[in-house]
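First up is the structure itself, then whatever we jot down about it.
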Amino acid sequence: MPKVKLLVLPDCTRCKALKSKLEFFNTKFEYVSCDDHPEICDQVEELTGHDSYPMAIVLDINNKITQIVHFTENYDAVSKTTNLVDGATSFTVYSVDQLAEYIIKL
């Protein structure tokens with residue numbers, strides 16, 4: 001099973017809602033605050049070109065990033081996959097429910 005890291009902002013309503021949903025469904029994830037680890041969030045923003053939170057980083061068994069799932073404000077970009085670097089991809093979602101469902105199914 002892949003490992004999931006949630007990148008969150010402390011006062012983010014969507015971040016708190018996603019955390020609650022994942023906890024309700026007993027989904028394993030690591031909660032990473034951008035205040036505590038800005039270097040990780042900056043790197044992910046640079047890779048994806050997006051800065052909407054929360055974001056989910058999906059890691060393989062070797063802790064290599066395989067996918068970054070993030071929000072988009074552009075309706076045409078919803079549910080699209082983009083190639084990043086080293087075989088990693090990004091996937092866009094439009095709601096907390098869609099992101100939660102995606103993570104739960106991993």
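FYI, nothing fancy with the structure tokens labels: chains A, B, ... in order, residues from 1 per chain, ligands from 1 as they appear.
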Leu84 (chain A): which residues within 9 Å, counting only C-alpha atoms, same-chain residues fewer than 3 positions away excluded, as a PyMOL selection string? chain A and resi 47-48+67+87-90
Write out the residues from the selection above, keeping C-alpha atoms, as a PDB file, in the first residue's frame.
```pdb
ATOM      1  CA  LEU A  47       6.802  20.825  -9.221  1.00  0.00           C
ATOM      2  CA  THR A  48       3.059  21.216  -9.773  1.00  0.00           C
ATOM      3  CA  GLN A  67       1.968  11.184  -7.508  1.00  0.00           C
ATOM      4  CA  GLY A  87       8.072   9.199 -13.399  1.00  0.00           C
ATOM      5  CA  ALA A  88       5.915  11.116 -10.923  1.00  0.00           C
ATOM      6  CA  THR A  89       2.560  12.531 -11.991  1.00  0.00           C
ATOM      7  CA  SER A  90       0.144  15.120 -10.684  1.00  0.00           C
TER       8      SER A  90
END
```
Which neighbours of region 11-23 of chain A fall inside 7 Å, counting only C-alpha atoms, when residues of the same chain fewer than 6 positions from it are skipped, and could you give them as a tab-separated table (two decimals) with N, CA and C atoms, in the first residue's frame?
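For reference, part-v4.tsv as written:
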```
chain	number	residue	atom	x	y	z
A	53	TYR	N	-4.26	24.26	-1.14
A	53	TYR	CA	-4.11	23.19	-0.16
A	53	TYR	C	-5.47	22.72	0.30
A	54	PRO	N	-5.48	21.44	0.75
A	54	PRO	CA	-4.41	20.49	0.99
A	54	PRO	C	-3.93	19.85	-0.32
A	96	VAL	N	-12.88	18.45	-1.56
A	96	VAL	CA	-12.36	17.64	-0.47
A	96	VAL	C	-12.87	16.21	-0.60
A	100	ALA	N	-10.52	13.00	-0.80
A	100	ALA	CA	-10.65	11.95	0.22
A	100	ALA	C	-10.92	10.60	-0.44
```
Among region 2-100 of chain A, which residues does DSSP mark as alpha helix (DSSP H) when it is run on the backbone? Keep the chain and numbering as in the structure and answer as an NGL selection string. :A and (13-24 or 38-48 or 96-100)
Selection file, C-alpha atoms, as a compact mmCIF listing (two decimals), in the first residue's frame:
```txt
# COMPACT_ATOMS: atom_id res chain seq x y z
CA THR A 13 -10.79 24.75 6.26
CA ARG A 14 -10.39 22.22 3.44
CA CYS A 15 -7.32 20.76 5.18
CA LYS A 16 -9.23 20.21 8.41
CA ALA A 17 -12.21 18.73 6.56
CA LEU A 18 -9.99 16.30 4.65
CA LYS A 19 -8.20 15.22 7.83
CA SER A 20 -11.56 14.53 9.51
CA LYS A 21 -12.83 12.49 6.57
CA LEU A 22 -9.69 10.38 6.36
CA GLU A 23 -9.70 9.77 10.11
CA PHE A 24 -13.38 8.78 9.97
CA PRO A 38 7.99 24.97 4.24
CA GLU A 39 10.75 23.40 2.15
CA ILE A 40 8.52 20.42 1.30
CA CYS A 41 5.57 22.62 0.38
CA ASP A 42 7.75 24.95 -1.69
CA GLN A 43 9.18 21.98 -3.59
CA VAL A 44 5.72 20.57 -4.33
CA GLU A 45 4.39 23.97 -5.42
CA GLU A 46 7.36 24.32 -7.77
CA LEU A 47 6.80 20.83 -9.22
CA THR A 48 3.06 21.22 -9.77
CA VAL A 96 -12.36 17.64 -0.47
CA ASP A 97 -14.70 14.72 -1.11
CA GLN A 98 -12.96 13.87 -4.38
CA LEU A 99 -9.52 14.05 -2.75
CA ALA A 100 -10.65 11.95 0.22
```
Mind the document's chain letters and residue numbers, and return as an MDAnalysis selection string the residues of region 36-93 of chain A that DSSP labels strand (DSSP E or B). chainID A and resid 55:59 65:71 81:83 89:93
Please, what distance in Å, to one decimal, runs between CA of Ile65 (chain A) and CA of Phe25 (chain A)?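 These two atoms are separated by 23.6 Å.
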For a test of reading the model, state the distance in Å between CA of Asn62 (chain A) and CA of Gly49 (chain A), rounded to one decimal.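 These two atoms are separated by 24.9 Å.
Distances from A:Thr92, A:Val85, A:Ile68, A:Asp35 to Leu6 (chain A) were compared using only C-alpha atoms, and the smallest one belongs to A:Ile68.
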Hey, can you check how far CA of Asp36 (chain A) sits from CA of Thr81 (chain A)?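 Separation between CA of Asp36 (chain A) and CA of Thr81 (chain A): 28.5 Å.
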